[in-house]
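Q: File follows, protein_34.csv with CSV, C-alpha atoms:
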```
chain,number,residue,atom,x,y,z
F,1,MET,CA,-13.5,-25.1,3.8
F,2,SER,CA,-12.8,-23.4,0.5
F,3,ALA,CA,-10.7,-24.7,-2.3
F,4,PHE,CA,-7.9,-22.4,-1.3
F,5,ALA,CA,-7.6,-23.9,2.2
F,6,PRO,CA,-6.4,-27.5,2.0
F,7,ARG,CA,-5.3,-28.9,5.3
F,8,PRO,CA,-1.5,-28.5,5.7
F,9,VAL,CA,0.5,-31.2,7.4
F,10,ASP,CA,3.5,-29.6,9.1
F,11,GLY,CA,4.7,-26.3,10.5
F,12,LYS,CA,6.5,-25.1,7.4
F,13,GLU,CA,3.7,-26.1,5.1
F,14,LEU,CA,1.2,-24.5,7.4
F,15,MET,CA,3.2,-21.2,7.3
F,16,ASP,CA,3.6,-21.4,3.5
F,17,HIS,CA,0.0,-22.0,3.1
F,18,LEU,CA,-1.0,-19.1,5.4
F,19,GLU,CA,1.4,-16.8,3.6
F,20,PHE,CA,0.0,-17.9,0.3
F,21,LEU,CA,-3.6,-17.1,1.5
F,22,ALA,CA,-2.5,-13.8,3.0
F,23,LYS,CA,-0.9,-12.7,-0.3
F,24,ARG,CA,-4.0,-13.7,-2.2
F,25,VAL,CA,-6.0,-11.4,0.1
F,26,LEU,CA,-3.6,-8.6,-0.7
F,27,GLU,CA,-3.5,-9.2,-4.4
F,28,THR,CA,-7.2,-9.8,-5.1
F,29,GLY,CA,-8.8,-8.0,-2.2
F,30,GLY,CA,-11.7,-10.3,-2.8
F,31,ALA,CA,-14.2,-11.6,-0.3
F,32,GLU,CA,-13.6,-15.2,-1.2
F,33,ALA,CA,-9.8,-14.9,-0.6
F,34,GLU,CA,-10.5,-13.2,2.7
F,35,ARG,CA,-12.9,-15.9,3.7
F,36,ALA,CA,-10.4,-18.6,2.8
F,37,PHE,CA,-7.7,-16.8,4.9
F,38,ARG,CA,-10.0,-16.5,7.9
F,39,ASP,CA,-11.1,-20.2,7.6
F,40,ALA,CA,-7.4,-21.3,7.6
F,41,LEU,CA,-6.6,-19.1,10.6
F,42,ARG,CA,-9.5,-20.7,12.6
F,43,HIS,CA,-7.6,-24.0,12.3
F,44,VAL,CA,-4.4,-22.6,13.7
F,45,SER,CA,-4.1,-22.9,17.5
F,46,ASP,CA,-0.4,-22.3,17.9
F,47,PRO,CA,0.2,-18.6,18.8
F,48,ALA,CA,3.8,-18.8,17.7
F,49,VAL,CA,2.7,-19.5,14.1
F,50,LEU,CA,0.3,-16.6,14.2
F,51,ARG,CA,2.9,-14.3,15.6
F,52,VAL,CA,5.3,-15.0,12.8
F,53,LEU,CA,2.5,-14.5,10.3
F,54,ALA,CA,1.4,-11.3,11.9
F,55,GLY,CA,4.9,-10.0,11.9
F,56,LYS,CA,5.4,-10.7,8.2
F,57,PHE,CA,2.3,-8.7,7.3
F,58,TYR,CA,2.2,-6.2,10.1
F,59,ALA,CA,1.7,-3.1,7.9
F,60,GLU,CA,-0.9,-5.0,5.7
F,61,PRO,CA,-4.1,-4.7,7.8
F,62,GLU,CA,-6.0,-7.0,5.3
F,63,ALA,CA,-3.8,-9.8,6.6
F,64,SER,CA,-2.6,-8.6,10.0
F,65,VAL,CA,-6.0,-7.7,11.4
F,66,PRO,CA,-7.6,-11.2,11.0
F,67,THR,CA,-4.3,-12.7,12.3
F,68,TYR,CA,-4.3,-10.6,15.4
F,69,GLU,CA,-8.0,-11.3,15.9
F,70,ARG,CA,-7.3,-15.0,15.9
F,71,LEU,CA,-4.3,-14.5,18.3
F,72,LEU,CA,-6.5,-12.6,20.7
F,73,GLU,CA,-9.1,-15.3,20.5
F,74,LEU,CA,-6.4,-17.7,21.8
F,75,MET,CA,-4.8,-15.2,24.2
F,76,PRO,CA,-7.4,-12.6,25.2
F,77,LYS,CA,-5.3,-11.5,28.2
F,78,ASP,CA,-2.0,-10.9,26.4
F,79,VAL,CA,-1.4,-7.2,26.9
F,80,LEU,CA,1.4,-7.0,24.3
F,81,THR,CA,-0.7,-8.6,21.6
F,82,ARG,CA,-3.5,-6.2,22.4
F,83,VAL,CA,-1.2,-3.2,22.2
F,84,GLU,CA,0.3,-4.4,18.9
F,85,PHE,CA,-3.2,-4.8,17.5
F,86,GLY,CA,-4.1,-1.3,18.7
F,87,PHE,CA,-1.1,0.1,16.9
F,88,ILE,CA,-2.3,-1.5,13.6
F,89,TYR,CA,-5.4,0.6,13.8
F,90,PHE,CA,-3.3,3.6,14.8
F,91,LEU,CA,-1.2,3.1,11.7
F,92,MET,CA,-4.4,3.0,9.6
F,93,GLY,CA,-5.6,6.2,11.0
F,94,GLU,CA,-8.5,4.5,12.8
F,95,ASP,CA,-7.8,6.2,16.1
F,96,GLY,CA,-11.3,5.4,17.5
F,97,GLU,CA,-10.7,1.6,17.1
F,98,ALA,CA,-7.1,2.0,18.4
F,99,ARG,CA,-8.5,3.7,21.5
F,100,ARG,CA,-11.0,0.8,22.0
F,101,GLN,CA,-8.0,-1.6,21.9
F,102,LEU,CA,-6.2,0.7,24.3
F,103,GLY,CA,-9.1,0.6,26.7
F,104,MET,CA,-9.0,-3.2,26.7
F,105,ALA,CA,-5.2,-3.2,27.2
F,106,GLN,CA,-5.6,-0.7,30.1
F,107,ALA,CA,-8.2,-3.1,31.7
F,108,LEU,CA,-5.4,-5.7,31.7
F,109,ASP,CA,-2.6,-3.5,32.9
F,110,PRO,CA,-2.9,0.3,32.8
F,111,GLU,CA,0.7,0.9,33.9
F,112,HIS,CA,2.3,-1.4,31.5
F,113,VAL,CA,5.0,0.5,29.5
F,114,GLN,CA,3.6,-0.7,26.1
F,115,VAL,CA,0.1,0.4,27.1
F,116,LEU,CA,1.5,3.8,28.1
F,117,THR,CA,3.3,3.9,24.7
F,118,LEU,CA,0.1,3.4,22.8
F,119,GLU,CA,-1.7,5.9,25.1
F,120,ALA,CA,1.0,8.5,24.4
F,121,ALA,CA,0.7,7.9,20.6
F,122,LEU,CA,-3.0,8.5,20.8
F,123,ALA,CA,-2.8,11.5,23.1
F,124,ARG,CA,-4.0,14.7,21.4
F,125,GLU,CA,-2.2,17.3,23.6
F,126,SER,CA,1.6,17.7,23.8
F,127,ALA,CA,1.4,18.1,27.5
F,128,GLU,CA,-0.3,14.8,27.9
F,129,LYS,CA,2.2,13.1,25.7
F,130,VAL,CA,5.0,14.6,27.8
F,131,ARG,CA,3.4,13.4,31.0
F,132,LEU,CA,3.0,9.8,29.6
F,133,TYR,CA,6.6,9.7,28.3
F,134,ARG,CA,7.9,10.8,31.7
F,135,CYS,CA,5.8,8.2,33.3
F,136,ILE,CA,7.4,5.6,31.0
F,137,LEU,CA,10.9,6.9,31.9
F,138,GLN,CA,10.1,6.5,35.6
F,139,LYS,CA,9.6,2.8,34.9
F,140,GLU,CA,12.3,2.4,32.3
F,141,PRO,CA,14.8,5.2,32.5
F,142,LEU,CA,16.6,4.1,29.3
F,143,ASN,CA,13.4,3.7,27.2
F,144,GLU,CA,14.5,4.9,23.8
F,145,ILE,CA,11.0,5.6,22.5
F,146,ALA,CA,10.2,7.9,25.4
F,147,ARG,CA,13.6,9.6,25.3
F,148,GLY,CA,13.4,10.2,21.6
F,149,LYS,CA,9.9,11.6,21.7
F,150,LEU,CA,10.6,13.9,24.6
F,151,ARG,CA,13.5,15.4,22.7
F,152,GLU,CA,11.2,15.9,19.7
F,153,LEU,CA,8.7,17.6,22.0
F,154,GLY,CA,11.4,20.0,23.1
F,155,GLU,CA,11.8,18.4,26.6
F,156,THR,CA,14.8,17.1,28.3
F,157,PRO,CA,14.5,13.3,28.8
C,158,MET,CA,-11.1,-2.1,-23.2
C,159,VAL,CA,-7.8,-1.5,-21.4
C,160,LEU,CA,-9.7,-0.7,-18.2
C,161,ILE,CA,-11.4,-4.1,-18.5
C,162,SER,CA,-8.3,-6.0,-19.5
C,163,ILE,CA,-5.6,-4.6,-17.3
C,164,PRO,CA,-6.7,-4.4,-13.7
C,165,ASP,CA,-9.2,-7.1,-13.3
C,166,VAL,CA,-7.4,-9.9,-15.2
C,167,THR,CA,-3.8,-9.7,-14.0
C,168,VAL,CA,-2.4,-11.1,-17.2
C,169,SER,CA,-2.9,-9.2,-20.5
C,170,LYS,CA,-2.3,-10.8,-23.9
C,171,GLY,CA,-2.3,-9.8,-27.6
C,172,LEU,CA,-3.7,-6.4,-28.3
C,173,ALA,CA,-4.4,-5.7,-24.6
C,174,ALA,CA,-0.7,-6.6,-23.7
C,175,VAL,CA,0.6,-4.1,-26.4
C,176,MET,CA,-1.8,-1.4,-25.1
C,177,THR,CA,-0.8,-2.1,-21.5
C,178,ALA,CA,3.0,-1.9,-22.2
C,179,THR,CA,2.5,1.3,-24.2
C,180,LEU,CA,0.4,2.8,-21.5
C,181,ILE,CA,3.1,2.0,-18.9
C,182,SER,CA,5.6,3.6,-21.3
C,183,TYR,CA,3.5,6.8,-21.5
C,184,VAL,CA,2.5,7.3,-17.8
C,185,GLY,CA,5.3,5.4,-15.9
C,186,VAL,CA,5.1,2.5,-13.6
C,187,ASP,CA,4.0,4.4,-10.5
C,188,THR,CA,1.1,6.1,-12.2
C,189,PHE,CA,0.1,2.8,-13.9
C,190,TRP,CA,0.1,1.1,-10.5
C,191,GLY,CA,-2.1,3.9,-9.2
C,192,LEU,CA,-4.6,3.3,-12.1
C,193,VAL,CA,-4.6,-0.5,-11.3
C,194,VAL,CA,-5.2,0.0,-7.6
C,195,GLY,CA,-7.8,2.7,-8.3
C,196,PHE,CA,-9.7,0.6,-10.8
C,197,LYS,CA,-9.9,-2.3,-8.3
C,198,ARG,CA,-11.3,0.2,-5.8
C,199,LEU,CA,-13.7,1.5,-8.4
C,200,MET,CA,-15.0,-2.0,-9.0
C,201,ASP,CA,-15.4,-2.6,-5.3
C,202,GLU,CA,-17.2,0.7,-4.7
C,203,ALA,CA,-19.4,0.2,-7.7
C,204,ASP,CA,-20.4,-3.2,-6.3
C,205,ARG,CA,-21.3,-1.7,-3.0
C,206,ALA,CA,-23.0,1.4,-4.4
C,207,ALA,CA,-26.7,1.5,-3.5
C,208,THR,CA,-27.5,4.8,-5.2
C,209,PHE,CA,-26.6,6.5,-8.5
C,210,ASN,CA,-24.9,9.3,-6.4
C,211,GLU,CA,-22.6,6.7,-4.8
C,212,LEU,CA,-21.8,5.3,-8.2
C,213,ARG,CA,-21.1,8.7,-9.6
C,214,GLU,CA,-18.9,9.6,-6.7
C,215,ALA,CA,-16.9,6.4,-7.2
C,216,GLY,CA,-16.4,7.3,-10.8
C,217,GLU,CA,-15.3,10.8,-10.0
C,218,ARG,CA,-12.8,9.4,-7.5
C,219,TYR,CA,-11.3,7.2,-10.2
C,220,GLY,CA,-11.2,10.2,-12.6
C,221,LYS,CA,-9.1,12.0,-9.9
C,222,VAL,CA,-6.8,9.1,-9.6
C,223,MET,CA,-6.3,8.9,-13.3
C,224,GLY,CA,-5.4,12.6,-13.8
C,225,ARG,CA,-5.3,14.5,-17.1
C,226,LYS,CA,-2.0,13.2,-18.5
C,227,ALA,CA,-3.0,9.6,-18.0
C,228,ALA,CA,-6.5,10.1,-19.3
C,229,ARG,CA,-5.0,11.7,-22.5
C,230,ALA,CA,-2.7,8.8,-23.1
C,231,PHE,CA,-5.4,6.4,-22.4
C,232,ALA,CA,-7.9,8.0,-24.8
C,233,MET,CA,-5.3,8.2,-27.5
C,234,LEU,CA,-4.4,4.5,-27.2
C,235,ALA,CA,-8.0,3.4,-27.0
C,236,THR,CA,-8.8,5.3,-30.2
C,237,VAL,CA,-5.8,3.8,-32.1
C,238,ALA,CA,-6.6,0.4,-30.8
C,239,LEU,CA,-10.2,0.4,-31.9
C,240,GLY,CA,-10.6,-2.1,-34.8
C,241,ASN,CA,-6.8,-2.7,-34.8
C,242,THR,CA,-4.7,-5.8,-34.2
C,243,ALA,CA,-1.8,-6.0,-31.8
C,244,THR,CA,0.6,-5.8,-34.8
C,245,GLY,CA,-1.3,-2.8,-36.3
C,246,LEU,CA,-1.3,-1.0,-33.0
C,247,ALA,CA,2.4,-1.7,-32.4
C,248,ALA,CA,3.2,-0.2,-35.8
C,249,LYS,CA,1.4,3.0,-35.0
C,250,VAL,CA,2.8,3.5,-31.5
C,251,PRO,CA,6.1,5.2,-32.6
C,252,THR,CA,4.2,7.7,-34.6
C,253,LEU,CA,1.9,8.8,-31.8
C,254,PRO,CA,2.4,12.2,-30.0
C,255,GLY,CA,4.8,12.0,-27.1
C,256,ALA,CA,6.3,8.7,-28.4
C,257,MET,CA,9.9,9.9,-27.9
C,258,GLN,CA,9.4,10.7,-24.2
C,259,ALA,CA,7.5,7.5,-23.7
C,260,ALA,CA,10.3,5.5,-25.4
C,261,ALA,CA,12.8,6.9,-23.0
C,262,GLN,CA,10.6,6.1,-20.1
C,263,ALA,CA,10.0,2.6,-21.4
C,264,GLU,CA,13.8,2.0,-21.6
C,265,THR,CA,14.6,3.3,-18.2
C,266,GLN,CA,11.7,1.8,-16.2
C,267,VAL,CA,10.9,-1.5,-17.9
C,268,GLY,CA,13.8,-2.1,-20.2
C,269,ILE,CA,11.9,-2.4,-23.5
C,270,ARG,CA,12.2,-0.5,-26.8
C,271,LEU,CA,8.9,1.2,-27.5
C,272,ALA,CA,9.5,0.7,-31.2
C,273,ALA,CA,9.5,-3.1,-30.6
C,274,VAL,CA,6.4,-3.0,-28.4
C,275,GLY,CA,4.7,-5.4,-30.8
C,276,GLU,CA,7.1,-8.1,-29.4
C,277,VAL,CA,5.4,-8.0,-26.1
C,278,GLU,CA,3.4,-11.2,-25.6
C,279,THR,CA,2.0,-10.8,-22.1
C,280,VAL,CA,1.9,-8.2,-19.3
C,281,ALA,CA,1.3,-9.6,-15.8
C,282,VAL,CA,0.5,-7.4,-12.9
C,283,SER,CA,1.0,-8.7,-9.4
C,284,ALA,CA,1.3,-7.0,-6.0
C,285,GLU,CA,5.0,-6.8,-6.4
C,286,ALA,CA,5.8,-6.2,-10.0
C,287,VAL,CA,4.7,-5.6,-13.6
C,288,THR,CA,6.3,-8.4,-15.7
C,289,ILE,CA,6.5,-8.0,-19.4
C,290,THR,CA,7.1,-11.1,-21.4
C,291,LEU,CA,8.7,-10.7,-24.8
C,292,ALA,CA,8.4,-13.0,-27.9
C,293,PRO,CA,11.2,-15.6,-28.1
C,294,ASN,CA,13.3,-13.7,-30.6
C,295,ALA,CA,12.7,-10.2,-29.4
C,296,VAL,CA,15.6,-8.0,-28.3
C,297,ALA,CA,15.1,-5.9,-25.2
C,298,MET,CA,17.1,-2.7,-24.7
C,299,SER,CA,18.6,-3.7,-21.5
C,300,ALA,CA,18.9,-7.4,-22.0
C,301,GLN,CA,19.7,-9.5,-25.0
C,302,GLY,CA,17.5,-12.3,-26.1
C,303,SER,CA,14.1,-13.2,-25.0
C,304,GLY,CA,12.7,-13.3,-21.4
C,305,ASP,CA,10.8,-11.3,-18.8
C,306,MET,CA,11.3,-7.7,-17.8
C,307,SER,CA,10.1,-6.9,-14.4
C,308,ALA,CA,9.5,-3.5,-13.0
C,309,PRO,CA,9.0,-3.4,-9.2
C,310,LEU,CA,5.9,-1.8,-7.8
C,311,PRO,CA,5.9,0.9,-6.6
C,312,ALA,CA,9.0,2.2,-8.4
C,313,SER,CA,10.0,4.3,-5.4
C,314,GLY,CA,12.7,2.5,-3.6
C,315,ASP,CA,11.3,0.3,-0.8
C,316,ILE,CA,8.5,2.6,0.1
C,317,SER,CA,5.0,1.4,-0.6
C,318,VAL,CA,1.6,3.0,0.1
C,319,LYS,CA,-1.6,1.5,1.2
C,320,ASP,CA,-3.5,3.3,-1.5
C,321,ALA,CA,-7.0,2.2,-0.4
C,322,HIS,CA,-6.5,3.5,3.1
C,323,VAL,CA,-4.7,6.7,2.3
C,324,ASP,CA,-6.6,8.0,-0.8
C,325,VAL,CA,-9.9,8.8,0.7
C,326,PRO,CA,-11.7,12.2,0.4
C,327,LYS,CA,-11.9,12.8,4.2
C,328,HIS,CA,-8.0,12.9,4.3
C,329,ASN,CA,-8.0,16.1,2.2
C,330,LEU,CA,-4.9,15.2,0.3
C,331,ASP,CA,-6.2,17.1,-2.8
C,332,ARG,CA,-4.6,20.1,-1.0
C,333,LEU,CA,-1.2,18.6,-1.8
C,334,ALA,CA,-1.7,18.0,-5.5
C,335,PRO,CA,-4.7,17.5,-7.9
C,336,THR,CA,-4.3,13.8,-8.6
C,337,TRP,CA,-3.6,10.7,-6.5
C,338,PRO,CA,-0.4,9.7,-8.2
C,339,GLU,CA,1.0,13.1,-7.5
C,340,GLN,CA,-0.2,13.0,-3.9
C,341,ARG,CA,1.2,9.6,-3.5
C,342,GLN,CA,4.6,10.7,-4.8
C,343,PHE,CA,4.5,13.6,-2.4
C,344,LEU,CA,4.0,11.3,0.5
C,345,ILE,CA,6.8,8.9,-0.6
C,346,ASP,CA,9.2,11.8,-1.0
C,347,ALA,CA,8.3,13.2,2.4
C,348,VAL,CA,8.8,9.8,4.1
C,349,ARG,CA,12.1,9.3,2.3
C,350,GLN,CA,13.3,12.7,3.7
C,351,LEU,CA,12.0,12.0,7.2
C,352,ASP,CA,13.6,8.6,7.3
C,353,GLY,CA,16.2,8.6,10.1
C,354,LYS,CA,15.2,12.1,11.3
C,355,VAL,CA,12.1,11.1,13.3
C,356,SER,CA,12.2,8.8,16.3
C,357,ALA,CA,9.9,5.8,16.4
C,358,LEU,CA,6.6,6.0,18.2
C,359,ALA,CA,6.7,2.3,19.1
C,360,THR,CA,8.6,-0.8,18.1
C,361,THR,CA,7.4,-4.3,17.5
C,362,PRO,CA,9.5,-7.4,16.8
C,363,GLN,CA,8.8,-6.8,13.1
C,364,GLY,CA,9.8,-3.1,12.9
C,365,SER,CA,9.0,0.4,14.0
C,366,ILE,CA,6.0,2.7,13.8
C,367,PHE,CA,6.4,6.3,12.9
C,368,GLU,CA,4.3,9.4,12.8
C,369,SER,CA,5.2,12.9,11.7
C,370,THR,CA,3.1,16.0,11.2
C,371,LEU,CA,4.5,18.5,8.7
C,372,LYS,CA,3.5,22.1,8.2
C,373,ILE,CA,3.2,22.5,4.4
C,374,ASN,CA,2.1,25.2,1.9
C,375,ASP,CA,-0.8,23.7,0.1
C,376,ARG,CA,-1.6,24.2,-3.6
C,377,PHE,CA,-4.2,26.8,-2.8
C,378,GLY,CA,-1.8,29.0,-1.0
C,379,GLY,CA,-2.8,28.0,2.5
C,380,ILE,CA,-0.9,26.3,5.3
C,381,ALA,CA,-1.8,22.7,6.2
C,382,ASN,CA,-0.8,20.2,8.8
C,383,LEU,CA,-0.1,16.9,7.0
C,384,THR,CA,0.2,13.9,9.3
C,385,ILE,CA,1.8,10.7,7.9
C,386,ARG,CA,2.0,7.4,9.6
C,387,TRP,CA,4.3,4.6,8.4
C,388,PHE,CA,5.8,1.3,9.4
C,389,LYS,CA,9.4,0.4,8.7
C,390,TYR,CA,10.2,-3.3,8.7
C,391,THR,CA,13.5,-4.4,10.2
C,392,ASP,CA,14.7,-5.3,6.6
C,393,GLY,CA,14.2,-1.6,5.6
C,394,ARG,CA,10.9,-2.0,3.7
C,395,THR,CA,8.6,0.9,4.5
C,396,THR,CA,4.8,1.1,4.2
C,397,ILE,CA,2.9,4.4,4.4
C,398,ASN,CA,-0.4,3.3,6.1
C,399,THR,CA,-2.2,6.6,6.3
C,400,ALA,CA,-1.8,10.3,5.7
C,401,PHE,CA,-4.3,13.1,6.3
C,402,ILE,CA,-4.8,16.8,6.6
C,403,PRO,CA,-7.4,17.7,9.3
C,404,PRO,CA,-10.2,20.0,7.9
```
Take the structure in this file and express it as structure tokens.
A:
Amino acid sequence: MSAFAPRPVDGKELMDHLEFLAKRVLETGGAEAERAFRDALRHVSDPAVLRVLAGKFYAEPEASVPTYERLLELMPKDVLTRVEFGFIYFLMGEDGEARRQLGMAQALDPEHVQVLTLEAALARESAEKVRLYRCILQKEPLNEIARGKLRELGETP
Amino acid sequence: MVLISIPDVTVSKGLAAVMTATLISYVGVDTFWGLVVGFKRLMDEADRAATFNELREAGERYGKVMGRKAARAFAMLATVALGNTATGLAAKVPTLPGAMQAAAQAETQVGIRLAAVGEVETVAVSAEAVTITLAPNAVAMSAQGSGDMSAPLPASGDISVKDAHVDVPKHNLDRLAPTWPEQRQFLIDAVRQLDGKVSALATTPQGSIFESTLKINDRFGGIANLTIRWFKYTDGRTTINTAFIPP
């Protein structure tokens, strides 16, 4: 373990320590900081801790990607985690990797509303987006995402 | 010298601190932050470069980030600083071209008097702020007595930009403006205007994901489709994660 990854003793210390390491990754962008962060994540086996961490740094892929990777090591069949991970790549503009994550989420549950939401975000054609948002509304008639996007696409929800 | 002292070592002292504070006064906090981030990227890319071409391309990208105005300010300061001390440089700063405008910017953005830039002891750059520490008896424009002046980064409300992910040649953002700081500001202004007008593409417990494609007139007289993707945390902070114009 690197010098930046002393073993924390309780939940709060652990979270503070992980946040400290994540911020170091963001500030330095260095390989050593990244390695220390990944080392520390490997010692975390509580998904709840990782979820909080992932949430705090969701739009910071340097921190959120390794956190989600660790979460998915612990919970490979968690479809929501897989979709959230896919959306990080979507945010970064890495649609190819986002589609790969979508494929894995679809293998778990192709009709899950969140899976359809990611699929709609990645769809290239408006007609396909409309079809997917309508599909979501069949399952959840009050789904705000689908209703909002259909309105923007000139459709009546 | 400034390139070496500012971005790599996050705390500048002595002559480097005076130069850093003066440079921020001349180019503004936003542009300065673009230079810091750009320089870190230049170092990374130079480390990874396997050929002279890759090295040259990395340098050209940084030149683009810097822009003409910042490059002029930079060259002027470096020339004056050569062979000078912190006190000597500080004494010359008020006589330099553009010092009046720089003084106004220094007061509004970081709360220091440019004429008293010699009182700057250290300049620390972190992911969140530029912190300028003054000498114990120095008097700042906006705060009496000694202490630290912090200017948040970026100085654009609560909208930040993942520079390394957005500012890449394949995104064709040079169609918006010639330099990265200008492109960056364009994106920030666009997201600020779109805020509340675009529905979320997805929500997570931490916030919402947005995407918008705008039809814009590019600087070459053409029409371009600019796609921007951003994340808005539940506390209102916003991060622009990518933006691109398809070829």
Q: Kindly provide the residues of chain F that approach chain C to within 7 Å, each paired with its closest atom pair and their distance in Å to one decimal, based on all atoms listed in the file, listed by chain and increasing number, as a Markdown table.
A:
```
| residue | atom | partner | partner_atom | distance |
| --- | --- | --- | --- | --- |
| F:Glu27 | CA | C:Ala284 | CA | 5.5 |
| F:Gly55 | CA | C:Gln363 | CA | 5.2 |
| F:Ala59 | CA | C:Phe388 | CA | 6.2 |
| F:Leu91 | CA | C:Asn398 | CA | 5.7 |
| F:Met92 | CA | C:Asn398 | CA | 5.3 |
| F:Gly93 | CA | C:Thr399 | CA | 5.8 |
| F:Thr117 | CA | C:Ala359 | CA | 6.7 |
| F:Ala121 | CA | C:Leu358 | CA | 6.6 |
| F:Ile145 | CA | C:Leu358 | CA | 6.2 |
| F:Gly148 | CA | C:Ser356 | CA | 5.6 |
| F:Lys149 | CA | C:Ser356 | CA | 6.5 |
```
Q: Contacts of Val113 (chain F) at 10 Å or less, counting all atoms listed in the file, minus same-chain residues fewer than 6 places along, as a PyMOL selection string?
A: chain F and resi 80+119+132-133+135-140+143+146
Q: In Å, rounded to a single decimal, give me how far CA of Pro335 (chain C) is from CA of Phe377 (chain C).
A: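 Distance reported for this atom pair: 10.6 Å.
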Q: Please, what distance in Å, to one decimal, runs between CA of Gly86 (chain F) and CA of Val52 (chain F)?
A: 17.6 Å
Q: Which of these, C:Thr188, C:Thr391, C:Ser182, C:Ser365, has the shortest distance to Pro338 (chain C) once you count only C-alpha atoms?
A: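 Using only C-alpha atoms, Pro338 (chain C) sits closest to C:Thr188.
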Q: Report, in Å with one decimal, the straight-line distance from CA of Pro66 (chain F) to CA of Ala36 (chain F).
A: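 Pair CA of Pro66 (chain F) / CA of Ala36 (chain F) returns 11.4 Å.
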Q: Can you pull out every residue within 7 Å of region 108-110 of chain F, counting all atoms listed in the file, but drop anything in the same chain fewer than 3 positions away, and send it as a list in words?
A: Lys77, Val79, Met104, Ala105 and Val115 of chain F
Q: Need the neighbours of (-6.1, -15.2, 12.8): which residues are at most 10 Å away, counting all atoms listed in the file, as a list in words?
A: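 I get Leu18, Phe37, Arg38, Asp39, Ala40, Leu41, Arg42, His43, Val44, Ser45, Pro47, Val49, Leu50, Arg51, Leu53, Ala54, Ala63, Ser64, Val65, Pro66, Thr67, Tyr68, Glu69, Arg70, Leu71, Leu72, Glu73 and Leu74 of chain F for the residues within 10 Å of that point.
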Q: Residues within 9 Å of (-8.5, 9.8, -2.3), file coordinates, counting all atoms listed in the file: what are they? Give the list as a list in words.
A: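 Using all atoms listed in the file, the matching residues come out as Arg218, Tyr219, Lys221, Val222, Asp320, Ala321, His322, Val323, Asp324, Val325, Pro326, Lys327, His328, Asn329, Leu330, Asp331, Thr336 and Trp337 of chain C.
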Q: The selected residues should be written to file as a tab-separated table (two decimals), in the frame of the given file (atoms: C-alpha atoms).
A:
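result-v8.tsv written:
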```tsv
chain	number	residue	atom	x	y	z
C	218	ARG	CA	-12.80	9.40	-7.50
C	219	TYR	CA	-11.30	7.20	-10.20
C	221	LYS	CA	-9.10	12.00	-9.90
C	222	VAL	CA	-6.80	9.10	-9.60
C	320	ASP	CA	-3.50	3.30	-1.50
C	321	ALA	CA	-7.00	2.20	-0.40
C	322	HIS	CA	-6.50	3.50	3.10
C	323	VAL	CA	-4.70	6.70	2.30
C	324	ASP	CA	-6.60	8.00	-0.80
C	325	VAL	CA	-9.90	8.80	0.70
C	326	PRO	CA	-11.70	12.20	0.40
C	327	LYS	CA	-11.90	12.80	4.20
C	328	HIS	CA	-8.00	12.90	4.30
C	329	ASN	CA	-8.00	16.10	2.20
C	330	LEU	CA	-4.90	15.20	0.30
C	331	ASP	CA	-6.20	17.10	-2.80
C	336	THR	CA	-4.30	13.80	-8.60
C	337	TRP	CA	-3.60	10.70	-6.50
```
Q: Tell me which of C:Leu239, C:Ser317, C:Ala228, C:Leu172 sits closest to Trp190 (chain C), counting all atoms listed in the file.
A: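 For Trp190 (chain C), the nearest of the given residues is C:Ser317.
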Q: Using only C-alpha atoms, which of C:Asp375, C:Gly245, C:Gly195, C:Lys354 sits nearest Arg151 (chain F)?
A: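 When distances to Arg151 (chain F) are compared using only C-alpha atoms, the smallest one comes from C:Lys354.
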Q: Between F:Asp95, F:Glu34, F:Asp46, F:Glu62, which residue has the minimum interatomic distance to Arg124 (chain F), considering all atoms listed in the file?
A: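 Going through F:Asp95, F:Glu34, F:Asp46, F:Glu62 one by one, the smallest distance to Arg124 (chain F) is for F:Asp95.
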Q: Just checking: using all atoms listed in the file, which residue out of C:Pro403, C:Gly240, C:Gly255, C:Gly275 ends up closest to Thr177 (chain C)?
A: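 Checking each of C:Pro403, C:Gly240, C:Gly255, C:Gly275 against Thr177 (chain C), counting all atoms listed in the file, the winner is C:Gly275.
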